[in-house]
Structure formats: C-alpha cells, structure tokens
$ cat my_file_37.tsv   # TSV, C-alpha atoms and all ligand atoms
chain	number	residue	atom	x	y	z
A	1	MET	CA	19.44	-189.49	45.84
A	2	THR	CA	18.77	-188.92	49.50
A	3	GLY	CA	18.09	-192.56	50.39
A	4	PRO	CA	14.96	-193.90	52.00
A	5	ALA	CA	13.23	-191.94	54.74
A	6	LYS	CA	13.66	-193.33	58.24
A	7	LEU	CA	10.73	-195.57	59.14
A	8	ASP	CA	8.97	-194.13	62.16
A	9	LEU	CA	5.48	-193.03	63.09
A	10	ALA	CA	5.93	-189.53	61.64
A	11	SER	CA	7.19	-190.77	58.26
A	12	ILE	CA	4.56	-193.53	58.05
A	13	ARG	CA	1.91	-190.85	58.59
A	14	GLN	CA	3.27	-189.15	55.46
A	15	ALA	CA	2.88	-192.34	53.43
A	16	PRO	CA	-0.34	-192.71	51.45
A	17	LYS	CA	-2.40	-195.51	52.95
A	18	ALA	CA	-5.53	-197.42	51.93
A	19	LEU	CA	-7.88	-198.89	54.52
A	20	LEU	CA	-10.57	-201.47	53.76
A	21	HIS	CA	-11.80	-202.55	57.18
A	22	ASP	CA	-12.76	-199.84	59.67
A	23	HIS	CA	-15.98	-199.71	61.70
A	24	LEU	CA	-17.66	-196.33	62.05
A	25	ASP	CA	-18.96	-197.20	65.52
A	26	GLY	CA	-15.48	-198.37	66.53
A	27	GLY	CA	-13.64	-195.18	65.64
A	28	LEU	CA	-15.22	-192.37	67.63
A	29	ARG	CA	-13.12	-189.80	69.48
A	30	PRO	CA	-13.63	-190.31	73.24
A	31	ALA	CA	-14.46	-186.59	73.62
A	32	THR	CA	-17.15	-186.92	70.97
A	33	VAL	CA	-18.71	-189.90	72.76
A	34	LEU	CA	-18.96	-187.74	75.91
A	35	GLU	CA	-20.39	-184.71	74.11
A	36	LEU	CA	-22.94	-186.67	72.12
A	37	ALA	CA	-23.99	-188.57	75.25
A	38	ALA	CA	-24.62	-185.26	77.00
A	39	ASP	CA	-26.57	-183.96	73.98
A	40	CYS	CA	-28.83	-186.98	73.70
A	41	GLY	CA	-29.22	-187.73	77.41
A	42	TYR	CA	-27.40	-191.07	77.39
A	43	GLU	CA	-26.26	-191.79	80.93
A	44	GLY	CA	-24.67	-195.21	80.59
A	45	LEU	CA	-21.03	-194.16	80.00
A	46	PRO	CA	-18.47	-195.73	82.35
A	47	ALA	CA	-16.31	-192.55	82.66
A	48	ASP	CA	-16.88	-188.79	82.63
A	49	ASN	CA	-13.70	-187.53	80.99
A	50	ALA	CA	-12.12	-188.28	77.64
A	51	LYS	CA	-8.89	-189.77	78.99
A	52	ASP	CA	-10.55	-192.26	81.34
A	53	LEU	CA	-13.18	-193.12	78.76
A	54	GLY	CA	-10.55	-193.82	76.08
A	55	GLU	CA	-8.71	-196.11	78.52
A	56	TRP	CA	-11.93	-197.86	79.51
A	57	PHE	CA	-12.66	-198.72	75.88
A	58	ARG	CA	-9.19	-200.12	75.34
A	59	ASP	CA	-9.18	-202.15	78.56
A	60	ALA	CA	-12.66	-203.58	77.99
A	61	ALA	CA	-11.68	-204.53	74.46
A	62	ASP	CA	-8.44	-206.11	75.73
A	63	SER	CA	-10.24	-208.89	77.52
A	64	GLY	CA	-9.39	-211.51	74.90
A	65	SER	CA	-12.94	-212.49	73.93
A	66	LEU	CA	-14.83	-211.37	70.84
A	67	GLU	CA	-18.15	-211.30	72.71
A	68	ARG	CA	-16.77	-208.96	75.41
A	69	TYR	CA	-15.10	-206.82	72.75
A	70	LEU	CA	-18.45	-206.37	71.04
A	71	GLU	CA	-20.01	-205.09	74.30
A	72	THR	CA	-18.06	-201.85	74.05
A	73	PHE	CA	-20.17	-200.95	71.01
A	74	ALA	CA	-23.30	-200.55	73.11
A	75	HIS	CA	-21.94	-197.16	74.22
A	76	THR	CA	-20.82	-195.85	70.85
A	77	VAL	CA	-23.97	-196.99	69.09
A	78	ALA	CA	-26.08	-195.36	71.81
A	79	VAL	CA	-24.78	-191.90	70.88
A	80	MET	CA	-25.24	-192.46	67.12
A	81	GLN	CA	-29.03	-192.39	66.97
A	82	THR	CA	-29.67	-188.87	65.70
A	83	PRO	CA	-28.93	-187.01	62.45
A	84	GLU	CA	-26.38	-184.83	64.30
A	85	GLY	CA	-24.71	-187.81	65.95
A	86	LEU	CA	-24.36	-189.79	62.73
A	87	ARG	CA	-23.19	-186.81	60.70
A	88	ARG	CA	-20.62	-185.77	63.27
A	89	VAL	CA	-19.15	-189.23	63.80
A	90	ALA	CA	-18.86	-189.79	60.04
A	91	ARG	CA	-17.32	-186.36	59.42
A	92	GLU	CA	-14.75	-186.85	62.18
A	93	ALA	CA	-13.88	-190.35	60.96
A	94	ALA	CA	-13.02	-188.97	57.51
A	95	LEU	CA	-11.00	-186.13	59.05
A	96	ASP	CA	-9.10	-188.37	61.49
A	97	LEU	CA	-8.18	-190.87	58.79
A	98	ALA	CA	-7.12	-188.10	56.40
A	99	ALA	CA	-4.93	-186.52	59.10
A	100	ASP	CA	-3.26	-189.93	59.49
A	101	GLY	CA	-2.40	-190.03	55.78
A	102	VAL	CA	-5.14	-192.42	54.69
A	103	VAL	CA	-6.01	-191.51	51.08
A	104	TYR	CA	-8.70	-194.15	50.56
A	105	ALA	CA	-10.94	-195.66	53.23
A	106	GLU	CA	-13.88	-198.01	53.31
A	107	ILE	CA	-15.82	-197.41	56.49
A	108	ARG	CA	-18.58	-199.81	57.46
A	109	PHE	CA	-21.49	-199.63	59.84
A	110	ALA	CA	-24.79	-201.39	60.51
A	111	PRO	CA	-27.76	-199.08	59.77
A	112	GLU	CA	-30.13	-201.41	61.66
A	113	GLN	CA	-28.38	-200.42	64.91
A	114	HIS	CA	-29.23	-196.75	64.53
A	115	LEU	CA	-33.03	-196.84	64.52
A	116	GLU	CA	-33.67	-196.39	68.26
A	117	LYS	CA	-34.86	-192.78	67.95
A	118	GLY	CA	-37.09	-193.30	64.96
A	119	LEU	CA	-34.80	-192.78	61.98
A	120	THR	CA	-35.46	-194.99	58.97
A	121	LEU	CA	-32.74	-197.13	57.42
A	122	ASP	CA	-32.55	-194.77	54.45
A	123	GLU	CA	-32.25	-191.71	56.69
A	124	VAL	CA	-29.46	-193.33	58.71
A	125	VAL	CA	-27.49	-193.93	55.51
A	126	GLU	CA	-28.22	-190.44	54.15
A	127	TYR	CA	-27.00	-188.63	57.29
A	128	THR	CA	-23.90	-190.78	57.50
A	129	LEU	CA	-23.05	-190.16	53.85
A	130	GLU	CA	-23.51	-186.42	54.41
A	131	GLY	CA	-21.01	-186.60	57.26
A	132	PHE	CA	-18.46	-188.39	55.10
A	133	ARG	CA	-18.87	-185.84	52.30
A	134	GLU	CA	-18.40	-182.98	54.79
A	135	GLY	CA	-15.30	-184.64	56.21
A	136	GLU	CA	-13.87	-185.23	52.73
A	137	ALA	CA	-14.42	-181.60	51.77
A	138	GLU	CA	-12.78	-180.30	54.96
A	139	ALA	CA	-9.86	-182.71	54.62
A	140	ALA	CA	-9.29	-181.62	51.01
A	141	ALA	CA	-9.31	-177.98	52.12
A	142	LEU	CA	-6.63	-178.86	54.67
A	143	GLY	CA	-4.49	-180.41	51.91
A	144	GLN	CA	-5.20	-183.98	53.08
A	145	PRO	CA	-7.51	-185.41	50.41
A	146	ILE	CA	-9.26	-188.67	51.19
A	147	ARG	CA	-11.92	-190.71	49.39
A	148	VAL	CA	-14.35	-192.52	51.65
A	149	THR	CA	-16.54	-195.41	50.50
A	150	THR	CA	-19.27	-196.72	52.79
A	151	LEU	CA	-20.02	-200.40	53.34
A	152	LEU	CA	-23.33	-201.38	54.90
A	153	THR	CA	-23.16	-204.13	57.48
A	154	ALA	CA	-25.89	-206.55	58.53
A	155	MET	CA	-25.58	-208.13	61.98
A	156	ARG	CA	-25.12	-211.86	61.71
A	157	HIS	CA	-27.33	-212.68	64.74
A	158	ALA	CA	-30.23	-210.65	63.31
A	159	ALA	CA	-32.58	-211.32	60.42
A	160	ARG	CA	-32.34	-208.12	58.40
A	161	SER	CA	-29.58	-209.01	55.98
A	162	ARG	CA	-31.79	-209.10	52.89
A	163	GLU	CA	-33.20	-205.67	53.78
A	164	ILE	CA	-29.68	-204.28	54.26
A	165	ALA	CA	-28.60	-205.82	50.96
A	166	GLU	CA	-31.48	-203.98	49.26
A	167	LEU	CA	-30.45	-200.78	51.04
A	168	THR	CA	-26.90	-201.28	49.73
A	169	LEU	CA	-28.21	-201.36	46.17
A	170	ARG	CA	-30.45	-198.32	46.68
A	171	PHE	CA	-27.36	-196.31	47.64
A	172	ARG	CA	-24.93	-198.02	45.26
A	173	ASP	CA	-24.26	-194.95	43.16
A	174	LYS	CA	-24.46	-192.55	46.08
A	175	GLY	CA	-21.40	-193.48	48.12
A	176	VAL	CA	-22.14	-197.03	49.25
A	177	GLY	CA	-19.67	-199.48	47.73
A	178	GLY	CA	-20.71	-202.79	49.22
A	179	PHE	CA	-22.09	-204.99	51.94
A	180	ASP	CA	-20.74	-206.92	54.92
A	181	ILE	CA	-21.93	-209.11	57.73
A	182	ALA	CA	-20.44	-208.78	61.21
A	183	GLY	CA	-20.96	-209.82	64.81
A	184	ALA	CA	-20.10	-212.90	66.83
A	185	GLU	CA	-19.24	-215.78	64.48
A	186	ALA	CA	-19.89	-218.74	66.76
A	187	GLY	CA	-23.36	-220.16	66.09
A	188	PHE	CA	-24.12	-217.69	63.32
A	189	PRO	CA	-22.64	-219.04	60.09
A	190	PRO	CA	-22.74	-216.76	57.05
A	191	THR	CA	-25.02	-219.29	55.28
A	192	ARG	CA	-27.87	-218.01	57.52
A	193	HIS	CA	-27.91	-215.02	55.19
A	194	LEU	CA	-27.85	-216.81	51.85
A	195	ASP	CA	-30.78	-214.93	50.35
A	196	ALA	CA	-28.98	-211.62	50.91
A	197	PHE	CA	-25.84	-212.90	49.20
A	198	GLU	CA	-27.80	-214.40	46.32
A	199	TYR	CA	-29.58	-211.08	45.82
A	200	LEU	CA	-26.27	-209.19	45.85
A	201	ARG	CA	-24.64	-211.59	43.41
A	202	ALA	CA	-27.66	-211.41	41.12
A	203	ASN	CA	-27.13	-207.65	41.06
A	204	HIS	CA	-23.34	-207.73	40.64
A	205	ALA	CA	-22.75	-206.02	43.98
A	206	HIS	CA	-19.58	-206.27	46.06
A	207	PHE	CA	-19.49	-207.81	49.50
A	208	THR	CA	-17.13	-208.92	52.19
A	209	ILE	CA	-17.87	-211.19	55.15
A	210	HIS	CA	-16.37	-211.23	58.64
A	211	ALA	CA	-15.09	-214.80	58.61
A	212	GLY	CA	-12.17	-216.73	60.00
A	213	GLU	CA	-11.66	-214.34	62.91
A	214	ALA	CA	-12.81	-216.11	66.08
A	215	PHE	CA	-13.91	-219.13	64.09
A	216	GLY	CA	-11.82	-221.37	61.88
A	217	LEU	CA	-11.79	-222.76	58.39
A	218	PRO	CA	-15.47	-223.79	58.11
A	219	SER	CA	-16.47	-220.14	58.35
A	220	ILE	CA	-14.04	-219.14	55.57
A	221	HIS	CA	-15.16	-222.10	53.47
A	222	GLU	CA	-18.83	-221.10	53.74
A	223	ALA	CA	-18.11	-217.45	53.04
A	224	LEU	CA	-16.35	-218.33	49.80
A	225	ALA	CA	-18.03	-221.50	48.57
A	226	PHE	CA	-21.67	-220.79	49.47
A	227	CYS	CA	-21.91	-217.02	49.92
A	228	GLY	CA	-19.40	-216.02	47.23
A	229	CYS	CA	-17.80	-213.05	48.94
A	230	ASP	CA	-15.21	-210.86	47.20
A	231	ARG	CA	-13.05	-210.40	50.31
A	232	LEU	CA	-12.59	-211.92	53.74
A	233	GLY	CA	-13.03	-209.72	56.81
A	234	HIS	CA	-9.98	-210.89	58.77
A	235	GLY	CA	-9.71	-214.41	57.31
A	236	VAL	CA	-6.75	-214.81	59.62
A	237	ARG	CA	-7.61	-218.45	60.46
A	238	ILE	CA	-6.73	-219.43	56.89
A	239	ILE	CA	-3.42	-220.17	58.59
A	240	ASP	CA	-5.05	-223.35	59.95
A	241	ASP	CA	-4.91	-224.71	56.39
A	242	ILE	CA	-1.18	-224.09	56.03
A	243	THR	CA	1.67	-226.11	57.52
A	244	VAL	CA	5.34	-225.22	57.41
A	245	PRO	CA	7.26	-228.41	58.24
A	246	GLY	CA	10.74	-226.95	57.78
A	247	SER	CA	12.28	-223.59	58.61
A	248	SER	CA	11.68	-222.03	55.18
A	249	VAL	CA	8.41	-220.67	53.80
A	250	ASP	CA	9.34	-222.48	50.59
A	251	ASP	CA	8.44	-225.70	52.45
A	252	ALA	CA	4.93	-224.47	53.25
A	253	VAL	CA	2.15	-226.90	52.38
A	254	LEU	CA	-1.20	-225.32	51.56
A	255	GLY	CA	-4.52	-227.14	51.79
A	256	GLN	CA	-7.15	-226.73	49.08
A	257	LEU	CA	-8.87	-223.80	50.76
A	258	ALA	CA	-5.64	-221.87	51.35
A	259	ASN	CA	-4.60	-222.54	47.76
A	260	TYR	CA	-7.95	-221.28	46.52
A	261	VAL	CA	-7.72	-218.08	48.58
A	262	ARG	CA	-4.21	-217.40	47.27
A	263	ASP	CA	-4.89	-218.43	43.65
A	264	GLN	CA	-8.06	-216.34	43.43
A	265	ARG	CA	-6.25	-213.39	45.05
A	266	ILE	CA	-8.99	-213.17	47.69
A	267	PRO	CA	-8.08	-210.12	49.78
A	268	LEU	CA	-7.53	-210.73	53.49
A	269	GLU	CA	-8.58	-207.74	55.59
A	270	LEU	CA	-6.10	-208.38	58.41
A	271	CYS	CA	-6.35	-206.22	61.52
A	272	PRO	CA	-3.23	-206.90	63.61
A	273	SER	CA	-4.08	-205.18	66.94
A	274	SER	CA	-7.72	-206.23	66.85
A	275	ASN	CA	-6.80	-209.85	66.05
A	276	VAL	CA	-4.63	-209.93	69.19
A	277	GLN	CA	-7.27	-208.18	71.32
A	278	THR	CA	-10.03	-210.60	70.38
A	279	GLY	CA	-7.76	-213.59	70.85
A	280	ALA	CA	-7.85	-214.58	67.14
A	281	VAL	CA	-4.05	-214.73	67.43
A	282	PRO	CA	-2.07	-214.99	70.70
A	283	SER	CA	0.34	-212.06	70.15
A	284	LEU	CA	1.57	-209.77	67.43
A	285	ASP	CA	4.81	-211.68	66.90
A	286	LYS	CA	2.74	-214.84	66.43
A	287	HIS	CA	0.40	-213.13	63.95
A	288	PRO	CA	0.38	-215.05	60.66
A	289	PHE	CA	0.50	-211.74	58.78
A	290	ASP	CA	4.15	-212.21	57.89
A	291	LEU	CA	3.85	-215.83	56.79
A	292	LEU	CA	0.81	-214.95	54.66
A	293	ALA	CA	2.66	-211.96	53.20
A	294	ARG	CA	5.71	-214.06	52.36
A	295	LEU	CA	3.49	-216.71	50.77
A	296	ARG	CA	2.10	-213.86	48.65
A	297	PHE	CA	-1.47	-213.96	49.81
A	298	ARG	CA	-3.21	-210.66	49.12
A	299	VAL	CA	-2.72	-209.27	52.62
A	300	THR	CA	-3.95	-205.83	53.61
A	301	VAL	CA	-3.43	-203.83	56.81
A	302	ASN	CA	-6.50	-202.54	58.64
A	303	THR	CA	-7.55	-200.85	61.87
A	304	ASP	CA	-10.93	-202.53	62.55
A	305	ASN	CA	-11.83	-200.36	65.59
A	306	ARG	CA	-9.54	-197.44	66.21
A	307	LEU	CA	-11.16	-196.45	69.52
A	308	MET	CA	-11.22	-199.93	71.08
A	309	SER	CA	-7.71	-200.76	69.90
A	310	ASP	CA	-6.42	-197.23	70.60
A	311	THR	CA	-4.77	-197.30	67.19
A	312	SER	CA	-4.53	-195.75	63.72
A	313	MET	CA	-3.48	-196.98	60.27
A	314	SER	CA	0.02	-195.57	60.79
A	315	GLU	CA	0.34	-197.24	64.19
A	316	GLU	CA	-0.77	-200.60	62.76
A	317	MET	CA	1.87	-200.30	60.04
A	318	LEU	CA	4.53	-199.29	62.57
A	319	LYS	CA	3.71	-202.32	64.72
A	320	LEU	CA	4.22	-204.57	61.70
A	321	VAL	CA	7.49	-202.80	60.86
A	322	ASP	CA	8.74	-203.25	64.45
A	323	THR	CA	7.62	-206.88	64.65
A	324	PHE	CA	8.55	-208.18	61.21
A	325	GLY	CA	11.17	-205.72	59.95
A	326	TYR	CA	9.24	-204.43	56.95
A	327	GLY	CA	10.55	-201.62	54.77
A	328	TRP	CA	8.85	-199.04	52.56
A	329	THR	CA	8.49	-201.43	49.61
A	330	ASP	CA	6.56	-203.86	51.83
A	331	LEU	CA	4.25	-201.09	53.09
A	332	GLU	CA	3.73	-199.95	49.51
A	333	ARG	CA	2.82	-203.51	48.46
A	334	PHE	CA	0.29	-203.89	51.28
A	335	THR	CA	-1.21	-200.52	50.32
A	336	ILE	CA	-1.46	-201.42	46.64
A	337	ASN	CA	-2.96	-204.79	47.65
A	338	ALA	CA	-5.69	-202.88	49.49
A	339	MET	CA	-6.27	-200.41	46.68
A	340	LYS	CA	-6.55	-203.20	44.09
A	341	SER	CA	-9.21	-204.80	46.30
A	342	ALA	CA	-11.31	-201.68	46.86
A	343	PHE	CA	-15.02	-201.68	46.08
A	344	ILE	CA	-14.81	-198.79	43.59
A	345	PRO	CA	-14.50	-198.95	39.79
A	346	PHE	CA	-11.24	-200.28	38.37
A	347	PRO	CA	-10.15	-197.00	36.70
A	348	ASP	CA	-10.62	-195.18	40.03
A	349	ARG	CA	-8.43	-197.73	41.82
A	350	LEU	CA	-5.72	-197.42	39.17
A	351	LYS	CA	-5.80	-193.66	39.34
A	352	ILE	CA	-5.18	-193.65	43.11
A	353	ILE	CA	-2.41	-196.25	42.74
A	354	ASP	CA	-0.66	-194.43	39.90
A	355	GLU	CA	-1.22	-190.83	40.93
A	356	VAL	CA	-1.15	-190.98	44.73
A	357	ILE	CA	0.27	-194.21	46.18
A	358	LYS	CA	3.24	-194.86	43.86
A	359	PRO	CA	4.47	-191.25	43.82
A	360	GLY	CA	4.04	-191.03	47.60
A	361	TYR	CA	6.19	-194.07	48.27
A	362	ALA	CA	8.72	-192.99	45.62
A	363	VAL	CA	9.39	-189.87	47.69
A	364	LEU	CA	9.82	-191.93	50.88
A	365	LEU	CA	12.10	-194.40	49.12
A	366	GLY	CA	14.35	-191.50	48.12
B	401	ZN	ZN	-14.46	-205.89	61.75
$ encode --input "my_file_37.tsv" --output "structure tokens" --more "lines below"
Ligand SMILES: [Zn+2]
Amino acid sequence: MTGPAKLDLASIRQAPKALLHDHLDGGLRPATVLELAADCGYEGLPADNAKDLGEWFRDAADSGSLERYLETFAHTVAVMQTPEGLRRVAREAALDLAADGVVYAEIRFAPEQHLEKGLTLDEVVEYTLEGFREGEAEAAALGQPIRVTTLLTAMRHAARSREIAELTLRFRDKGVGGFDIAGAEAGFPPTRHLDAFEYLRANHAHFTIHAGEAFGLPSIHEALAFCGCDRLGHGVRIIDDITVPGSSVDDAVLGQLANYVRDQRIPLELCPSSNVQTGAVPSLDKHPFDLLARLRFRVTVNTDNRLMSDTSMSEEMLKLVDTFGYGWTDLERFTINAMKSAFIPFPDRLKIIDEVIKPGYAVLLG
C-alpha cells in the first residue's frame, strides 16, 4: 500500500470525472473566439488578444447578476453561426474536458441561437454532433477517452421550446441525450413551457431545468411538480427549505420540497464558481454544497461556463476540497452521483462507474 495520493490540482486531473452541466457557448477557448471572429467578420469583441479577452469574460461574469452574466454569451454565440464555428467549438470542448480527466460529459447548447447565418435547427445540431465525435476520436487517440452526450436547450424567454423538444427526439439516438431550459429565471417560470415538457414526458425523454439558481423555491417546485424534470440545473436554493437550528446536521429540518428532492434522489447540478459569480450564493464557503452533501442529497459538481468562470472540472473539485476538506472518497461519491444521473442507458452508466470511475479512484486511494 502506498497510501492515498496527495490531493492537488495535478492529482485531481488524473481522477476520472463526470460532468452533467456545461454550456457549449460558455466553454470556448479565448484564442478560438478571436480566430472565429476574424473568420466570420464579427467585430464586436471587447479585446484583441487571448489574455485580455479571457480576463474580460471573467470580469464581466463576476458582476454578481445573472442578467449581466448572460450578456457575455452574445460574443461567444456570435462566432458560432457557421458549420466550421460549431464543429470547432464542439471538438475543442470535448478535447479540453478529456485533457482535464473528464470521462463523461453532458454538454448543452441552444440550437435556436445559432440560426443567424441561415443554418436550420437540424443542421446546427448535426455540425455540433460532428464536432463532438471528432473531439472524442482525437481524445481517445491521445489516451484520454471521453464520452460526450449533447443536451438541447430552449431559451426560457423565447417561444420555441416545443420545437426544440421535437428536435431533441429527432436526434435522440444520434448523440442527443435530453433537453433543458435556460436563461434568466425571473419572470419566466418553467410552466411557460408546459407543452414541451408534456411532449417529452409522453415520449419518455429525459430533461433537466435550470431552476432554483437566481430564483427560489417556487421555481424548483414548478420544475418538479408541474414540469416533471429528471434533474435540477443548479437547484441550489433548495437550501431555503432546510433549517439547521443546532450545530449538527443531524438537527436539520427539511420542508416537504427538500424532503421530496432528497427522497426521490433528484440530482442537483451544482456549479460552485458559477453560483458565486451570479450571486446565487454569497461566497464559496457559504455555498450549501457541503450541507447538502452531508444531508445526502444527490449532489454533483459542475462547471457551468468554463470560460466565464475561468475554471475546469478539476479546479471546481479543488475549490471544494480547499473549502470543505473533502478527500478522495468524497470526490468519488460526487462523481458516481453524477454518473448515476446521466442521460444515457443504465448499463452504459454502470459500465463507466465499474470500469473507469471506481478503478480510477482505487489507484488514487492507494
Ligand atoms: Zn447553466
């Protein structure tokens, strides 16, 4: 026995990781944004070199408001309007995640935002899927295998959710694993999109909903009770339904909604850095991640937007380790939580858990 590996960024990169909540248009390399902008004649970028541009994205996203955070996407989406742009961004996302030790990733994007240069919804999905498959093949050749599943997002302020739900089903066996709605929560409850969710449920399709991020319990309640989602995108405000009167988590009192989320094992796609950036939680040490983990909610660790948060899966895990003192067994549990909650068939999930995740952590545990 050699004992457990030291927990640092390098060793966490070696650990197999599973990621459920990552936005394609929030994970571009700054250099790629610049090159694609030059290729497609987009002149709106706020900086002309990769370093300054990367910093601009992080600073703009750091403003503490979800609405301001969402503004940064105008630039990334602007350079993802062509077959080349979509393919390249998808390919690089798969490669970057694989290089960080992510073995399974669900990457989401909103096809309706990529129609400015005349592509159809189906073409947008096809080119993006091609990019993911290219990235997977290259990553495997580099000895860093990754499986990427695509989620299609509908924007909650728009009126195309039913169309995007239909698109999700058209590509269900071709790399698309499920559906999501995203965008500013305030004023746009998920129940605006009930026909999309009813259609998905009628067709036994998976979906997650951004809920309980900027907005509180009513949003989570609607997402579960009326829309019937499988997972909660963020869901961090479930903490508002939990009180801990004493000093021990054993004293925690859960309301009906929190009990339901825990009893039903509803996965929470928590995104620590992003939750702090958007003001969903005041600081990392005040993030309810740890309380939810200790209460045995099905917590998962996610990046949300790697460019805007200047982060990676390994860095998110390291932040949690530094803040809450987690060890390898905790990181393994969060990873298995994510893999159990993936929108791929059950035998595929088990195979990754048994053949990749467990052996990978066994090595790190020594
Ligand atoms: Zn998100």
$ residues_around --input "my_file_37.tsv" --residues "Arg29 (chain A)" --least-positions-apart "5" --cutoff "9 Å" --atoms "all atoms listed in the file" --output "MDAnalysis selection string"
chainID A and resid 34 50 54 89 92:93 307
$ closest_residue --input "my_file_37.tsv" --among "A:Leu292, A:Leu119, A:Ala94, A:Ala105" --to "Arg349 (chain A)" --atoms "all atoms listed in the file"
A:Ala105
$ residues_near_ligand --input "my_file_37.tsv" --ligand "ligand ZN 401 (chain B)" --cutoff "7 Å" --atoms "only C-alpha atoms and all ligand atoms" --output "list of chain:residue names"
A:His21, A:Asp22, A:His23, A:Ala182, A:His210, A:Gly233, A:Asp304
$ closest_residue --input "my_file_37.tsv" --among "A:Asp8, A:Asp173, A:Asp348, A:Glu43" --to "Met317 (chain A)" --atoms "all atoms listed in the file"
A:Asp8
$ closest_atom_pairs --input "my_file_37.tsv" --of "region 206-321 of chain A" --to "region 149-159 of chain A" --cutoff "10 Å" --atoms "only C-alpha atoms" --output "tab-separated table"
residue	atom	partner	partner_atom	distance
A:His206	CA	A:Leu151	CA	9.4
A:Phe207	CA	A:Leu151	CA	8.4
A:Thr208	CA	A:Leu151	CA	9.1
A:Ile209	CA	A:Thr153	CA	9.1
A:His210	CA	A:Arg156	CA	9.3
$ write_last_selection --input "my_file_37.tsv" --atoms "C-alpha atoms" --output "tab-separated table (two decimals), in the coordinates of the input"
chain	number	residue	atom	x	y	z
A	206	HIS	CA	-19.58	-206.27	46.06
A	207	PHE	CA	-19.49	-207.81	49.50
A	208	THR	CA	-17.13	-208.92	52.19
A	209	ILE	CA	-17.87	-211.19	55.15
A	210	HIS	CA	-16.37	-211.23	58.64
$ closest_residue --input "my_file_37.tsv" --among "A:Glu222, A:Asp322, A:Glu185, A:Asp195" --to "Ala280 (chain A)" --atoms "all atoms listed in the file"
A:Glu185
$ residues_around --input "my_file_37.tsv" --residues "Phe57 (chain A)" --least-positions-apart "4" --cutoff "8 Å" --atoms "all atoms listed in the file" --output "list in words"
Leu53, Ala61, Thr72, Leu307 and Met308 of chain A
$ decode --input "my_file_37.tsv" --residues "region 253-259 of chain A" --atoms "all heavy atoms" --output "PDB file, in the first residue's frame"
ATOM      1  N   VAL A 253     -33.837  20.391   9.717  1.00  0.00           N
ATOM      2  CA  VAL A 253     -35.271  20.176   9.498  1.00  0.00           C
ATOM      3  C   VAL A 253     -35.563  20.483   8.034  1.00  0.00           C
ATOM      4  O   VAL A 253     -35.290  21.586   7.560  1.00  0.00           O
ATOM      5  CB  VAL A 253     -36.113  21.096  10.406  1.00  0.00           C
ATOM      6  CG1 VAL A 253     -37.600  20.854  10.169  1.00  0.00           C
ATOM      7  CG2 VAL A 253     -35.757  20.864  11.867  1.00  0.00           C
ATOM      8  N   LEU A 254     -36.080  19.491   7.328  1.00  0.00           N
ATOM      9  CA  LEU A 254     -36.357  19.655   5.903  1.00  0.00           C
ATOM     10  C   LEU A 254     -37.844  19.898   5.681  1.00  0.00           C
ATOM     11  O   LEU A 254     -38.679  19.212   6.275  1.00  0.00           O
ATOM     12  CB  LEU A 254     -35.941  18.402   5.124  1.00  0.00           C
ATOM     13  CG  LEU A 254     -34.468  18.277   4.714  1.00  0.00           C
ATOM     14  CD1 LEU A 254     -33.558  18.198   5.926  1.00  0.00           C
ATOM     15  CD2 LEU A 254     -34.264  17.085   3.796  1.00  0.00           C
ATOM     16  N   GLY A 255     -38.163  20.863   4.830  1.00  0.00           N
ATOM     17  CA  GLY A 255     -39.542  21.064   4.414  1.00  0.00           C
ATOM     18  C   GLY A 255     -39.958  19.975   3.435  1.00  0.00           C
ATOM     19  O   GLY A 255     -39.148  19.127   3.042  1.00  0.00           O
ATOM     20  N   GLN A 256     -41.215  20.019   3.009  1.00  0.00           N
ATOM     21  CA  GLN A 256     -41.724  18.956   2.128  1.00  0.00           C
ATOM     22  C   GLN A 256     -40.987  18.877   0.793  1.00  0.00           C
ATOM     23  O   GLN A 256     -40.710  17.800   0.282  1.00  0.00           O
ATOM     24  CB  GLN A 256     -43.213  19.181   1.861  1.00  0.00           C
ATOM     25  CG  GLN A 256     -44.081  18.815   3.051  1.00  0.00           C
ATOM     26  CD  GLN A 256     -45.553  19.056   2.799  1.00  0.00           C
ATOM     27  OE1 GLN A 256     -45.931  19.592   1.758  1.00  0.00           O
ATOM     28  NE2 GLN A 256     -46.380  18.674   3.750  1.00  0.00           N
ATOM     29  N   LEU A 257     -40.659  20.062   0.249  1.00  0.00           N
ATOM     30  CA  LEU A 257     -39.989  20.063  -1.058  1.00  0.00           C
ATOM     31  C   LEU A 257     -38.572  19.497  -0.944  1.00  0.00           C
ATOM     32  O   LEU A 257     -38.156  18.663  -1.757  1.00  0.00           O
ATOM     33  CB  LEU A 257     -39.972  21.496  -1.624  1.00  0.00           C
ATOM     34  CG  LEU A 257     -39.365  21.673  -3.008  1.00  0.00           C
ATOM     35  CD1 LEU A 257     -40.059  20.802  -4.041  1.00  0.00           C
ATOM     36  CD2 LEU A 257     -39.436  23.151  -3.428  1.00  0.00           C
ATOM     37  N   ALA A 258     -37.854  19.928   0.084  1.00  0.00           N
ATOM     38  CA  ALA A 258     -36.486  19.415   0.280  1.00  0.00           C
ATOM     39  C   ALA A 258     -36.520  17.906   0.529  1.00  0.00           C
ATOM     40  O   ALA A 258     -35.693  17.161  -0.007  1.00  0.00           O
ATOM     41  CB  ALA A 258     -35.814  20.136   1.434  1.00  0.00           C
ATOM     42  N   ASN A 259     -37.488  17.454   1.325  1.00  0.00           N
ATOM     43  CA  ASN A 259     -37.616  16.017   1.555  1.00  0.00           C
ATOM     44  C   ASN A 259     -37.866  15.266   0.253  1.00  0.00           C
ATOM     45  O   ASN A 259     -37.282  14.212  -0.002  1.00  0.00           O
ATOM     46  CB  ASN A 259     -38.780  15.733   2.517  1.00  0.00           C
ATOM     47  CG  ASN A 259     -38.293  15.593   3.952  1.00  0.00           C
ATOM     48  OD1 ASN A 259     -37.250  14.997   4.204  1.00  0.00           O
ATOM     49  ND2 ASN A 259     -39.038  16.160   4.883  1.00  0.00           N
TER      50      ASN A 259
END
